[in-house]
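**Q** entry_7.txt (compact mmCIF, C-alpha atoms and all ligand atoms) pasted underneath:
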# COMPACT_ATOMS: atom_id res chain seq x y z
CA MET A 1 43.85 -36.92 -42.69
CA PRO A 2 40.74 -34.68 -42.84
CA ILE A 3 41.24 -31.01 -43.61
CA LYS A 4 40.69 -28.62 -40.70
CA ASN A 5 40.91 -24.93 -40.03
CA PHE A 6 40.25 -23.45 -43.43
CA ILE A 7 38.73 -20.06 -43.99
CA LEU A 8 35.22 -19.83 -45.39
CA GLU A 9 33.92 -16.55 -46.75
CA LYS A 10 30.22 -16.26 -45.91
CA ASN A 11 28.01 -13.19 -46.30
CA ASP A 12 31.11 -11.09 -46.96
CA ALA A 13 32.66 -12.16 -43.64
CA LEU A 14 35.56 -14.53 -43.11
CA GLN A 15 34.78 -17.45 -40.86
CA ARG A 16 37.19 -20.10 -39.58
CA VAL A 17 35.93 -23.68 -39.93
CA ASP A 18 37.21 -26.05 -37.26
CA ASP A 19 34.98 -29.08 -37.81
CA ASP A 20 36.12 -32.49 -38.97
CA PHE A 21 34.42 -33.51 -42.19
CA THR A 22 34.04 -36.95 -43.72
CA PHE A 23 34.69 -35.29 -47.06
CA THR A 24 35.23 -31.74 -48.22
CA VAL A 25 34.13 -30.74 -51.72
CA ALA A 26 36.28 -27.88 -52.99
CA ALA A 27 34.22 -25.82 -55.43
CA ASP A 28 35.95 -22.50 -54.84
CA GLY A 29 36.90 -21.76 -58.41
CA ARG A 30 39.99 -21.40 -60.59
CA ASN A 31 42.25 -19.94 -57.86
CA SER A 32 41.00 -22.36 -55.19
CA SER A 33 42.52 -21.65 -51.80
CA ILE A 34 41.45 -25.11 -50.60
CA ARG A 35 43.37 -26.77 -53.48
CA ASN A 36 46.39 -24.58 -52.76
CA SER A 37 46.22 -25.26 -49.01
CA VAL A 38 46.76 -29.00 -49.55
CA GLY A 39 49.44 -28.44 -52.19
CA ILE A 40 47.70 -29.90 -55.26
CA ASP A 41 49.57 -28.65 -58.33
CA ILE A 42 47.97 -27.81 -61.65
CA GLN A 43 49.16 -28.12 -65.25
CA GLU A 44 48.30 -25.01 -67.23
CA ILE A 45 48.21 -24.32 -70.97
CA LYS A 46 48.37 -20.61 -71.85
CA ASP A 47 47.37 -18.97 -75.11
CA THR A 48 50.20 -17.30 -77.02
CA GLU A 49 48.03 -14.35 -78.04
CA LEU A 50 46.68 -11.67 -75.68
CA SER A 51 42.99 -11.04 -75.07
CA PHE A 52 41.19 -8.04 -73.63
CA SER A 53 37.97 -7.31 -71.73
CA CYS A 54 36.32 -3.98 -70.98
CA ASP A 55 32.98 -2.32 -70.30
CA ALA A 56 31.58 0.26 -72.73
CA TYR A 57 28.45 1.99 -73.95
CA ILE A 58 27.90 1.02 -77.60
CA HIS A 59 25.18 2.65 -79.71
CA ASN A 60 24.09 2.22 -83.35
CA ILE A 61 24.56 -1.53 -83.63
CA GLN A 62 20.91 -2.53 -84.01
CA SER A 63 21.43 -3.53 -87.65
CA TYR A 64 23.82 -6.27 -86.49
CA GLN A 65 21.46 -7.68 -83.86
CA LYS A 66 18.42 -9.93 -84.23
CA HIS A 67 16.82 -8.11 -81.30
CA PRO A 68 17.92 -4.97 -79.44
CA GLY A 69 20.38 -5.69 -76.65
CA THR A 70 21.28 -9.25 -77.67
CA MET A 71 24.76 -10.78 -77.44
CA LEU A 72 27.05 -10.59 -80.48
CA GLN A 73 29.95 -12.90 -81.31
CA LEU A 74 31.98 -11.90 -84.36
CA SER A 75 35.20 -13.14 -85.91
CA LYS A 76 37.26 -12.61 -89.04
CA SER A 77 40.77 -13.69 -90.05
CA LYS A 78 42.02 -14.57 -86.54
CA ASP A 79 40.38 -11.50 -85.01
CA ARG A 80 37.36 -11.74 -82.73
CA LEU A 81 34.97 -9.62 -80.71
CA ILE A 82 32.25 -10.63 -78.25
CA LEU A 83 29.70 -8.20 -76.82
CA VAL A 84 27.56 -9.26 -73.86
CA PRO A 85 24.72 -6.90 -72.89
CA ILE A 86 24.88 -5.87 -69.23
CA SER A 87 21.93 -3.48 -69.07
CA ASP A 88 19.15 -2.13 -71.28
CA ASP A 89 20.87 1.21 -71.92
CA ASN A 90 23.42 -0.12 -74.48
CA PHE A 91 25.97 -0.99 -71.81
CA TYR A 92 28.10 -4.00 -72.84
CA ARG A 93 30.96 -6.16 -71.60
CA ALA A 94 33.29 -6.48 -74.58
CA SER A 95 36.10 -8.99 -75.07
CA GLY A 96 38.32 -9.95 -77.96
CA SER A 97 41.81 -10.54 -79.27
CA TRP A 98 44.56 -8.02 -78.66
CA THR A 99 47.78 -7.22 -80.51
CA ILE A 100 51.00 -5.90 -78.97
CA LYS A 101 50.85 -2.74 -81.06
CA ASP A 102 47.56 -1.89 -79.31
CA ASN A 103 49.39 -1.25 -76.03
CA ASN A 104 50.06 2.49 -76.39
CA ASP A 105 46.47 3.66 -76.40
CA PRO A 106 44.22 0.80 -75.23
CA GLU A 107 40.99 2.83 -75.27
CA ASN A 108 41.47 4.02 -78.81
CA SER A 109 42.50 0.56 -80.00
CA ILE A 110 39.37 -1.00 -78.52
CA ARG A 111 37.19 1.70 -80.09
CA LYS A 112 38.84 1.06 -83.47
CA LYS A 113 38.41 -2.69 -83.13
CA ILE A 114 34.70 -2.37 -82.33
CA ASN A 115 34.28 0.03 -85.26
CA THR A 116 36.05 -2.40 -87.60
CA PHE A 117 33.52 -5.10 -86.77
CA LEU A 118 30.50 -2.83 -86.31
CA VAL A 119 30.83 -0.01 -88.82
CA ASN A 120 29.25 3.30 -87.66
CA SER A 121 28.91 2.13 -84.06
CA ASP A 122 29.28 4.80 -81.41
CA VAL A 123 31.53 3.66 -78.53
CA SER A 124 31.86 5.67 -75.32
CA ASN A 125 32.84 5.43 -71.64
CA ILE A 126 35.28 2.54 -72.06
CA SER A 127 36.29 1.33 -68.58
CA ASN A 128 37.66 -1.68 -66.64
CA ILE A 129 40.13 -2.65 -69.38
CA THR A 130 42.06 -5.85 -68.64
CA VAL A 131 44.56 -7.61 -70.88
CA TYR A 132 45.34 -11.28 -70.27
CA LYS A 133 46.17 -14.64 -71.82
CA LEU A 134 43.39 -17.21 -72.03
CA SER A 135 44.33 -20.52 -70.44
CA SER A 136 43.09 -23.93 -69.39
CA HIS A 137 44.30 -26.07 -66.50
CA LEU A 138 44.04 -29.55 -65.05
CA SER A 139 44.75 -30.42 -61.41
CA ASP A 140 47.28 -33.19 -60.78
CA THR A 141 44.66 -35.05 -58.75
CA PHE A 142 40.90 -34.66 -58.16
CA PHE A 143 41.11 -36.08 -54.63
CA SER A 144 43.59 -35.57 -51.80
CA ASN A 145 43.38 -35.25 -47.98
CA ASN A 146 39.67 -36.19 -48.12
CA ILE A 147 39.01 -33.29 -50.47
CA PHE A 148 37.27 -33.73 -53.82
CA LEU A 149 37.94 -31.01 -56.40
CA VAL A 150 34.96 -29.97 -58.53
CA GLY A 151 34.40 -27.46 -61.34
CA ASP A 152 36.91 -24.69 -62.04
CA CYS A 153 38.85 -25.73 -58.95
CA ALA A 154 39.59 -29.07 -60.68
CA GLN A 155 39.96 -27.83 -64.26
CA THR A 156 39.26 -24.98 -66.64
CA PHE A 157 38.79 -24.89 -70.40
CA PHE A 158 39.47 -22.43 -73.19
CA PRO A 159 36.17 -20.59 -73.59
CA ASN A 160 35.25 -22.09 -76.97
CA GLY A 161 32.71 -24.84 -76.48
CA GLY A 162 31.00 -23.64 -73.31
CA LEU A 163 32.45 -26.55 -71.34
CA GLY A 164 33.33 -25.04 -67.94
CA LEU A 165 29.99 -24.72 -66.21
CA ASN A 166 28.54 -27.81 -67.88
CA THR A 167 31.43 -30.00 -66.75
CA GLY A 168 31.31 -28.60 -63.20
CA ILE A 169 27.60 -29.38 -62.88
CA GLU A 170 28.06 -32.91 -64.24
CA GLN A 171 30.93 -33.53 -61.80
CA ALA A 172 28.89 -32.24 -58.86
CA TYR A 173 25.99 -34.55 -59.81
CA PHE A 174 28.31 -37.56 -60.23
CA LEU A 175 30.04 -36.85 -56.91
CA ALA A 176 26.79 -36.28 -55.00
CA LYS A 177 25.67 -39.78 -56.02
CA GLU A 178 29.00 -41.37 -55.03
CA ILE A 179 29.12 -39.62 -51.64
CA THR A 180 25.45 -40.44 -50.90
CA GLN A 181 26.13 -44.11 -51.59
CA ILE A 182 29.15 -44.17 -49.28
CA MET A 183 27.32 -42.33 -46.49
CA GLN A 184 24.23 -44.55 -46.74
CA ASN A 185 26.13 -47.80 -46.95
CA PRO A 186 29.41 -47.77 -45.00
CA THR A 187 30.27 -51.27 -46.24
CA LEU A 188 30.80 -49.88 -49.76
CA SER A 189 34.40 -49.13 -50.66
CA ARG A 190 35.29 -45.44 -50.36
CA GLU A 191 38.41 -46.12 -52.39
CA LEU A 192 36.38 -47.43 -55.32
CA SER A 193 34.20 -44.31 -55.35
CA ILE A 194 37.25 -42.05 -55.19
CA LYS A 195 38.91 -44.02 -58.00
CA ARG A 196 35.73 -43.86 -60.12
CA TYR A 197 35.51 -40.08 -59.72
CA GLU A 198 39.22 -39.55 -60.44
CA GLU A 199 39.41 -41.87 -63.45
CA THR A 200 36.07 -40.93 -65.04
CA TRP A 201 36.66 -37.21 -64.84
CA ARG A 202 40.38 -37.12 -65.65
CA GLN A 203 39.66 -38.98 -68.88
CA GLU A 204 36.57 -36.89 -69.67
CA VAL A 205 38.25 -33.55 -68.92
CA LEU A 206 41.27 -34.41 -71.11
CA LYS A 207 38.88 -35.28 -73.95
CA ARG A 208 36.90 -32.05 -73.50
CA GLN A 209 40.06 -29.91 -73.24
CA LYS A 210 41.21 -31.41 -76.55
CA THR A 211 37.81 -30.52 -78.07
CA SER A 212 37.96 -26.92 -76.84
CA ILE A 213 41.47 -26.49 -78.33
CA GLU A 214 40.28 -27.98 -81.64
CA ILE A 215 37.34 -25.55 -81.76
CA LYS A 216 39.70 -22.67 -80.92
CA GLU A 217 42.04 -23.65 -83.77
CA LYS A 218 39.16 -23.97 -86.23
CA ILE A 219 37.90 -20.52 -85.30
CA SER A 220 41.40 -19.04 -85.72
CA ALA A 221 41.88 -20.75 -89.07
CA LYS A 222 39.03 -19.07 -90.90
CA SER A 223 36.43 -16.38 -90.70
CA PHE A 224 33.40 -17.69 -88.89
CA PRO A 225 29.97 -16.26 -89.56
CA ARG A 226 28.43 -13.76 -87.21
CA PHE A 227 26.49 -15.19 -84.27
CA THR A 228 23.73 -13.34 -82.48
CA TYR A 229 21.83 -14.61 -79.46
C1 LIG B 1 33.69 -14.75 -69.58
C2 LIG B 1 33.33 -16.19 -69.27
C3 LIG B 1 32.37 -16.83 -70.04
C4 LIG B 1 32.01 -18.15 -69.76
N1 LIG B 1 31.07 -18.76 -70.55
C5 LIG B 1 30.73 -20.05 -70.30
C6 LIG B 1 29.73 -20.70 -71.09
O1 LIG B 1 29.17 -20.11 -72.01
N2 LIG B 1 29.42 -21.98 -70.78
C7 LIG B 1 30.04 -22.67 -69.77
O2 LIG B 1 29.73 -23.86 -69.54
N3 LIG B 1 30.99 -22.08 -69.01
C8 LIG B 1 31.34 -20.79 -69.25
N4 LIG B 1 32.31 -20.18 -68.49
C9 LIG B 1 32.97 -20.94 -67.43
C10 LIG B 1 32.10 -20.96 -66.18
O3 LIG B 1 31.79 -19.63 -65.78
C11 LIG B 1 32.86 -21.67 -65.07
O4 LIG B 1 33.32 -22.92 -65.54
C12 LIG B 1 31.96 -21.89 -63.87
O5 LIG B 1 31.49 -20.65 -63.37
C13 LIG B 1 32.74 -22.61 -62.79
O6 LIG B 1 31.91 -22.75 -61.68
P1 LIG B 1 32.55 -23.06 -60.27
O7 LIG B 1 31.40 -23.07 -59.32
O8 LIG B 1 33.41 -24.27 -60.35
O9 LIG B 1 33.53 -21.86 -59.96
P2 LIG B 1 33.18 -20.30 -59.76
O10 LIG B 1 32.08 -19.90 -60.67
O11 LIG B 1 34.48 -19.58 -59.84
O12 LIG B 1 32.60 -20.24 -58.28
C14 LIG B 1 33.42 -20.39 -57.16
C15 LIG B 1 32.74 -19.66 -56.03
O13 LIG B 1 33.45 -19.93 -54.82
C16 LIG B 1 33.49 -18.73 -54.08
N5 LIG B 1 34.62 -18.80 -53.14
C17 LIG B 1 35.96 -18.80 -53.42
N6 LIG B 1 36.67 -18.88 -52.28
C18 LIG B 1 35.76 -18.95 -51.25
C19 LIG B 1 35.88 -19.05 -49.83
N7 LIG B 1 37.07 -19.09 -49.21
N8 LIG B 1 34.75 -19.09 -49.09
C20 LIG B 1 33.52 -19.05 -49.69
N9 LIG B 1 33.34 -18.96 -51.03
C21 LIG B 1 34.46 -18.91 -51.80
C22 LIG B 1 33.67 -17.64 -55.13
O14 LIG B 1 33.28 -16.38 -54.62
C23 LIG B 1 32.73 -18.14 -56.22
O15 LIG B 1 31.42 -17.67 -56.03
C24 LIG B 1 32.66 -18.85 -68.72
C25 LIG B 1 33.62 -18.19 -67.93
C26 LIG B 1 33.96 -16.88 -68.20
C27 LIG B 1 35.01 -16.18 -67.33
As C-alpha cells, how would this structure be written, given the file I've shared?
Ligand SMILES: Cc1cc2nc3c(=O)[nH]c(=O)nc-3n(C[C@H](O)[C@H](O)[C@H](O)COP(=O)(O)OP(=O)(O)OC[C@H]3O[C@@H](n4cnc5c(N)ncnc54)[C@H](O)[C@@H]3O)c2cc1C

**A**
Amino acid sequence: MPIKNFILEKNDALQRVDDDFTFTVAADGRNSSIRNSVGIDIQEIKDTELSFSCDAYIHNIQSYQKHPGTMLQLSKSKDRLILVPISDDNFYRASGSWTIKDNNDPENSIRKKINTFLVNSDVSNISNITVYKLSSHLSDTFFSNNIFLVGDCAQTFFPNGGLGLNTGIEQAYFLAKEITQIMQNPTLSRELSIKRYEETWRQEVLKRQKTSIEIKEKISAKSFPRFTY
C-alpha cells in the first residue's frame, strides 16, 4: 500500500503531501519520521563511554597546525579531541571523549582537556556543550510500504572511517538506477530490484559497521599520531 499523507518540511514550512507515489525514498536522516511512520524498527549499538561536543574560541595552537585554521584530530591513551574550524577568527567546533568525573564543571573540564592536548592554548567562550553516547544503527528492513530507506535513515556508523555520507551516496546511486529501470521497463520485476537493494546493502552495511567498530577499537587501544587536515 503506498504511503500517503506525510508531512514534508519545505522552505521552513510544513506541507502535507497527499499524492500517491510509485515509490517513496526516505532520506530524512537518523531520526526519520517516514521510517517511524511505517513502524520500521532499528537495531542500535551504543558506545559505553560518553562523548562531548561544544563550540569555543581557541587561540595559540598554530604550532600544532600545518596551516592556520585547519582541522586537528588528536588522540592518546583512549582519550581523543577533534577540532573543526568554523570561521577564520579561531572559532572551532570541538568534540572528544568525556569522563563521568567531568560532570561537575563541564566548561572547566573541556578547557583542561584542550590544554592537555594543546599546551599553552587559550580557550574562551565555550558554548553549546552537549554530552552523548556515540552509536550506530541498522534498520530491520530497507524497504516497506513502497518506501526505500537511504542514508542515515537506513543506517548509521560510528564516526571512525567516514562511512556515513559515502554509503548514503552509493545507496542513492544504486537505487536511482534500479528505480529508473523499473519505471522505463514495466515488464521488469519490481520484486527483484527491491530484493537486490535490500540484500546488497544489508550485507555491505554490516561489513562496513564491523570495519568502523574495528577502527574504533584500534584507536582506543593505542595512541595514534596527530592528524592535521
Ligand atoms: C560530526 C559528524 C561528522 C561526520 N563526518 C563524516 C565524514 O567524515 N564522512 C562521512 O562519510 N560521513 C560523516 N558523517 C556522517 C554524515 O554526515 C551522514 O552520514 C550524512 O549526512 C547522512 O546523510 P543523509 O542525507 O542520509 O541524512 P542527513 O544529512 O541527516 O539529511 C537528512 C535531511 O532531511 C531533512 N529532513 C528531515 N525530515 C524532513 C521532513 N519531514 N521534510 C523535509 N526534510 C526533512 C533534514 O533537515 C536533513 O537536511 C558525519 C556525521 C557527523 C554528525

**Q** List as a ChimeraX atom specification the protein and nucleic acid residues lying within 7 Å of ligand LIG 1 (chain B), with all atoms listed in the file counted.

**A** /A:7-10,27-30,32-33,150-153,156,159,162-168

**Q** Restricting the calculation to only C-alpha atoms: of A:His137, A:Arg93, A:Lys46, A:Arg111, which residue gets closest to A:Gly69?

**A**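 Closest to A:Gly69 of all the choices is A:Arg93.
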
**Q** With the cut-off set at 7 Å and counting all atoms listed in the file, tabulate each residue of stretch 124-205 of chain A with an atom at most that distance from an atom of stretch 52-60 of chain A, showing the nearest atom pair and its distance in Å to one decimal, ordered by chain and increasing number, as a tab-separated table.

**A**
residue	atom	partner	partner_atom	distance
A:Ser124	CA	A:Tyr57	CA	5.2
A:Asn125	CA	A:Ala56	CA	5.4
A:Ile126	CA	A:Ala56	CA	4.4
A:Ser127	CA	A:Asp55	CA	5.2
A:Asn128	CA	A:Cys54	CA	5.1
A:Ile129	CA	A:Cys54	CA	4.3
A:Thr130	CA	A:Ser53	CA	5.3
A:Val131	CA	A:Phe52	CA	4.4
A:Tyr132	CA	A:Phe52	CA	6.2

**Q** For the residues in the current selection, export C-alpha atoms as a JSON list (two decimals), keeping the file's coordinate frame.

**A**
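result-v6.json written:
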[["chain", "number", "residue", "atom", "x", "y", "z"],
["A", 124, "SER", "CA", 31.86, 5.67, -75.32],
["A", 125, "ASN", "CA", 32.84, 5.43, -71.64],
["A", 126, "ILE", "CA", 35.28, 2.54, -72.06],
["A", 127, "SER", "CA", 36.29, 1.33, -68.58],
["A", 128, "ASN", "CA", 37.66, -1.68, -66.64],
["A", 129, "ILE", "CA", 40.13, -2.65, -69.38],
["A", 130, "THR", "CA", 42.06, -5.85, -68.64],
["A", 131, "VAL", "CA", 44.56, -7.61, -70.88],
["A", 132, "TYR", "CA", 45.34, -11.28, -70.27]]

**Q** If we count only C-alpha atoms, what is near A:Lys113 at a cut-off of 10 Å, once residues fewer than 2 positions away on the same chain are taken out, given as a PyMOL selection string?

**A** chain A and resi 79-81+96-98+102+107-111+115-119

**Q** Using all atoms listed in the file, which of A:Thr70, A:Thr187, A:Gln181, A:Asn145 sits nearest A:Val38?

**A** A:Asn145

**Q** Residues of stretch 95-173 of chain A within 6 Å of stretch 40-44 of chain A: nearest atom pair and distance (Å, one decimal) for each, counting only C-alpha atoms, sorted by chain and number, as CSV?

**A**
residue,atom,partner,partner_atom,distance
A:Ser136,CA,A:Glu44,CA,5.7
A:His137,CA,A:Glu44,CA,4.2
A:Leu138,CA,A:Gln43,CA,5.3
A:Ser139,CA,A:Ile42,CA,4.2
A:Asp140,CA,A:Ile42,CA,5.5

**Q** Choose the residue, out of A:Phe158, A:Val123, A:Leu149, A:Lys66, that has the smallest atom-to-atom separation from A:Glu217; count only C-alpha atoms.

**A**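 Answer, going by the shortest atom-to-atom distance: A:Phe158.
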
**Q** Could you tell me how far atom CA of A:Ala172 sits from atom CA of A:Glu191, in Å to one decimal place?

**A**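 Spanning atom CA of A:Glu191 to atom CA of A:Ala172 is a straight-line distance of 18.0 Å.
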
**Q** If you measure from atom CA of A:Val205 to atom CA of A:Tyr173, what distance in Å do you get, rounded to one decimal?

**A** 15.3 Å

**Q** Could all heavy atoms be built for stretch 170-181 of chain A and written out as a PDB file, keeping the file's coordinate frame?

**A**
ATOM      1  N   GLU A 170      28.054 -31.446 -64.083  1.00  0.00           N
ATOM      2  CA  GLU A 170      28.060 -32.910 -64.240  1.00  0.00           C
ATOM      3  C   GLU A 170      28.905 -33.577 -63.148  1.00  0.00           C
ATOM      4  O   GLU A 170      28.535 -34.610 -62.588  1.00  0.00           O
ATOM      5  CB  GLU A 170      28.614 -33.293 -65.613  1.00  0.00           C
ATOM      6  CG  GLU A 170      27.652 -33.054 -66.752  1.00  0.00           C
ATOM      7  CD  GLU A 170      28.299 -33.386 -68.088  1.00  0.00           C
ATOM      8  OE1 GLU A 170      28.572 -34.559 -68.346  1.00  0.00           O
ATOM      9  OE2 GLU A 170      28.562 -32.445 -68.862  1.00  0.00           O
ATOM     10  N   GLN A 171      30.062 -32.958 -62.846  1.00  0.00           N
ATOM     11  CA  GLN A 171      30.930 -33.530 -61.800  1.00  0.00           C
ATOM     12  C   GLN A 171      30.230 -33.495 -60.443  1.00  0.00           C
ATOM     13  O   GLN A 171      30.296 -34.457 -59.678  1.00  0.00           O
ATOM     14  CB  GLN A 171      32.239 -32.723 -61.712  1.00  0.00           C
ATOM     15  CG  GLN A 171      33.191 -33.005 -62.850  1.00  0.00           C
ATOM     16  CD  GLN A 171      34.400 -32.095 -62.829  1.00  0.00           C
ATOM     17  OE1 GLN A 171      34.322 -30.951 -62.387  1.00  0.00           O
ATOM     18  NE2 GLN A 171      35.519 -32.589 -63.323  1.00  0.00           N
ATOM     19  N   ALA A 172      29.560 -32.371 -60.154  1.00  0.00           N
ATOM     20  CA  ALA A 172      28.890 -32.240 -58.860  1.00  0.00           C
ATOM     21  C   ALA A 172      27.793 -33.306 -58.725  1.00  0.00           C
ATOM     22  O   ALA A 172      27.637 -33.930 -57.664  1.00  0.00           O
ATOM     23  CB  ALA A 172      28.292 -30.838 -58.725  1.00  0.00           C
ATOM     24  N   TYR A 173      27.060 -33.552 -59.813  1.00  0.00           N
ATOM     25  CA  TYR A 173      25.990 -34.550 -59.810  1.00  0.00           C
ATOM     26  C   TYR A 173      26.563 -35.956 -59.584  1.00  0.00           C
ATOM     27  O   TYR A 173      26.090 -36.729 -58.751  1.00  0.00           O
ATOM     28  CB  TYR A 173      25.231 -34.474 -61.143  1.00  0.00           C
ATOM     29  CG  TYR A 173      24.070 -35.423 -61.260  1.00  0.00           C
ATOM     30  CD1 TYR A 173      22.902 -35.213 -60.538  1.00  0.00           C
ATOM     31  CD2 TYR A 173      24.146 -36.534 -62.099  1.00  0.00           C
ATOM     32  CE1 TYR A 173      21.835 -36.094 -60.639  1.00  0.00           C
ATOM     33  CE2 TYR A 173      23.086 -37.418 -62.209  1.00  0.00           C
ATOM     34  CZ  TYR A 173      21.935 -37.192 -61.478  1.00  0.00           C
ATOM     35  OH  TYR A 173      20.890 -38.063 -61.578  1.00  0.00           O
ATOM     36  N   PHE A 174      27.634 -36.256 -60.325  1.00  0.00           N
ATOM     37  CA  PHE A 174      28.310 -37.560 -60.230  1.00  0.00           C
ATOM     38  C   PHE A 174      28.799 -37.779 -58.795  1.00  0.00           C
ATOM     39  O   PHE A 174      28.572 -38.820 -58.185  1.00  0.00           O
ATOM     40  CB  PHE A 174      29.499 -37.530 -61.206  1.00  0.00           C
ATOM     41  CG  PHE A 174      30.242 -38.829 -61.367  1.00  0.00           C
ATOM     42  CD1 PHE A 174      30.068 -39.610 -62.506  1.00  0.00           C
ATOM     43  CD2 PHE A 174      31.151 -39.264 -60.414  1.00  0.00           C
ATOM     44  CE1 PHE A 174      30.769 -40.797 -62.673  1.00  0.00           C
ATOM     45  CE2 PHE A 174      31.855 -40.453 -60.572  1.00  0.00           C
ATOM     46  CZ  PHE A 174      31.665 -41.220 -61.710  1.00  0.00           C
ATOM     47  N   LEU A 175      29.439 -36.743 -58.246  1.00  0.00           N
ATOM     48  CA  LEU A 175      30.040 -36.850 -56.910  1.00  0.00           C
ATOM     49  C   LEU A 175      28.968 -36.962 -55.829  1.00  0.00           C
ATOM     50  O   LEU A 175      29.123 -37.728 -54.872  1.00  0.00           O
ATOM     51  CB  LEU A 175      30.907 -35.604 -56.676  1.00  0.00           C
ATOM     52  CG  LEU A 175      31.876 -35.657 -55.516  1.00  0.00           C
ATOM     53  CD1 LEU A 175      32.766 -36.888 -55.599  1.00  0.00           C
ATOM     54  CD2 LEU A 175      32.739 -34.402 -55.517  1.00  0.00           C
ATOM     55  N   ALA A 176      27.873 -36.221 -55.996  1.00  0.00           N
ATOM     56  CA  ALA A 176      26.790 -36.280 -55.000  1.00  0.00           C
ATOM     57  C   ALA A 176      26.280 -37.717 -54.891  1.00  0.00           C
ATOM     58  O   ALA A 176      26.030 -38.221 -53.792  1.00  0.00           O
ATOM     59  CB  ALA A 176      25.665 -35.333 -55.400  1.00  0.00           C
ATOM     60  N   LYS A 177      26.160 -38.394 -56.049  1.00  0.00           N
ATOM     61  CA  LYS A 177      25.670 -39.780 -56.020  1.00  0.00           C
ATOM     62  C   LYS A 177      26.675 -40.694 -55.325  1.00  0.00           C
ATOM     63  O   LYS A 177      26.306 -41.533 -54.502  1.00  0.00           O
ATOM     64  CB  LYS A 177      25.416 -40.269 -57.461  1.00  0.00           C
ATOM     65  CG  LYS A 177      24.134 -39.691 -58.044  1.00  0.00           C
ATOM     66  CD  LYS A 177      23.513 -40.559 -59.113  1.00  0.00           C
ATOM     67  CE  LYS A 177      24.400 -40.676 -60.322  1.00  0.00           C
ATOM     68  NZ  LYS A 177      23.755 -41.249 -61.490  1.00  0.00           N
ATOM     69  N   GLU A 178      27.963 -40.515 -55.644  1.00  0.00           N
ATOM     70  CA  GLU A 178      29.000 -41.370 -55.030  1.00  0.00           C
ATOM     71  C   GLU A 178      29.030 -41.162 -53.510  1.00  0.00           C
ATOM     72  O   GLU A 178      29.064 -42.120 -52.743  1.00  0.00           O
ATOM     73  CB  GLU A 178      30.391 -41.029 -55.608  1.00  0.00           C
ATOM     74  CG  GLU A 178      30.580 -41.380 -57.070  1.00  0.00           C
ATOM     75  CD  GLU A 178      30.637 -42.888 -57.338  1.00  0.00           C
ATOM     76  OE1 GLU A 178      30.809 -43.665 -56.377  1.00  0.00           O
ATOM     77  OE2 GLU A 178      30.484 -43.287 -58.508  1.00  0.00           O
ATOM     78  N   ILE A 179      29.008 -39.905 -53.077  1.00  0.00           N
ATOM     79  CA  ILE A 179      29.120 -39.620 -51.640  1.00  0.00           C
ATOM     80  C   ILE A 179      27.871 -40.128 -50.903  1.00  0.00           C
ATOM     81  O   ILE A 179      27.965 -40.708 -49.826  1.00  0.00           O
ATOM     82  CB  ILE A 179      29.362 -38.112 -51.385  1.00  0.00           C
ATOM     83  CG1 ILE A 179      30.741 -37.726 -51.908  1.00  0.00           C
ATOM     84  CG2 ILE A 179      29.265 -37.785 -49.892  1.00  0.00           C
ATOM     85  CD1 ILE A 179      31.086 -36.250 -51.788  1.00  0.00           C
ATOM     86  N   THR A 180      26.692 -39.949 -51.530  1.00  0.00           N
ATOM     87  CA  THR A 180      25.450 -40.440 -50.900  1.00  0.00           C
ATOM     88  C   THR A 180      25.534 -41.946 -50.687  1.00  0.00           C
ATOM     89  O   THR A 180      25.198 -42.457 -49.613  1.00  0.00           O
ATOM     90  CB  THR A 180      24.232 -40.100 -51.792  1.00  0.00           C
ATOM     91  OG1 THR A 180      24.268 -38.715 -52.075  1.00  0.00           O
ATOM     92  CG2 THR A 180      22.919 -40.436 -51.106  1.00  0.00           C
ATOM     93  N   GLN A 181      26.018 -42.647 -51.706  1.00  0.00           N
ATOM     94  CA  GLN A 181      26.130 -44.110 -51.590  1.00  0.00           C
ATOM     95  C   GLN A 181      27.049 -44.506 -50.435  1.00  0.00           C
ATOM     96  O   GLN A 181      26.728 -45.378 -49.633  1.00  0.00           O
ATOM     97  CB  GLN A 181      26.687 -44.697 -52.889  1.00  0.00           C
ATOM     98  CG  GLN A 181      25.627 -44.926 -53.945  1.00  0.00           C
ATOM     99  CD  GLN A 181      26.238 -45.412 -55.254  1.00  0.00           C
ATOM    100  OE1 GLN A 181      27.387 -45.830 -55.292  1.00  0.00           O
ATOM    101  NE2 GLN A 181      25.470 -45.343 -56.315  1.00  0.00           N
TER     102      GLN A 181
END
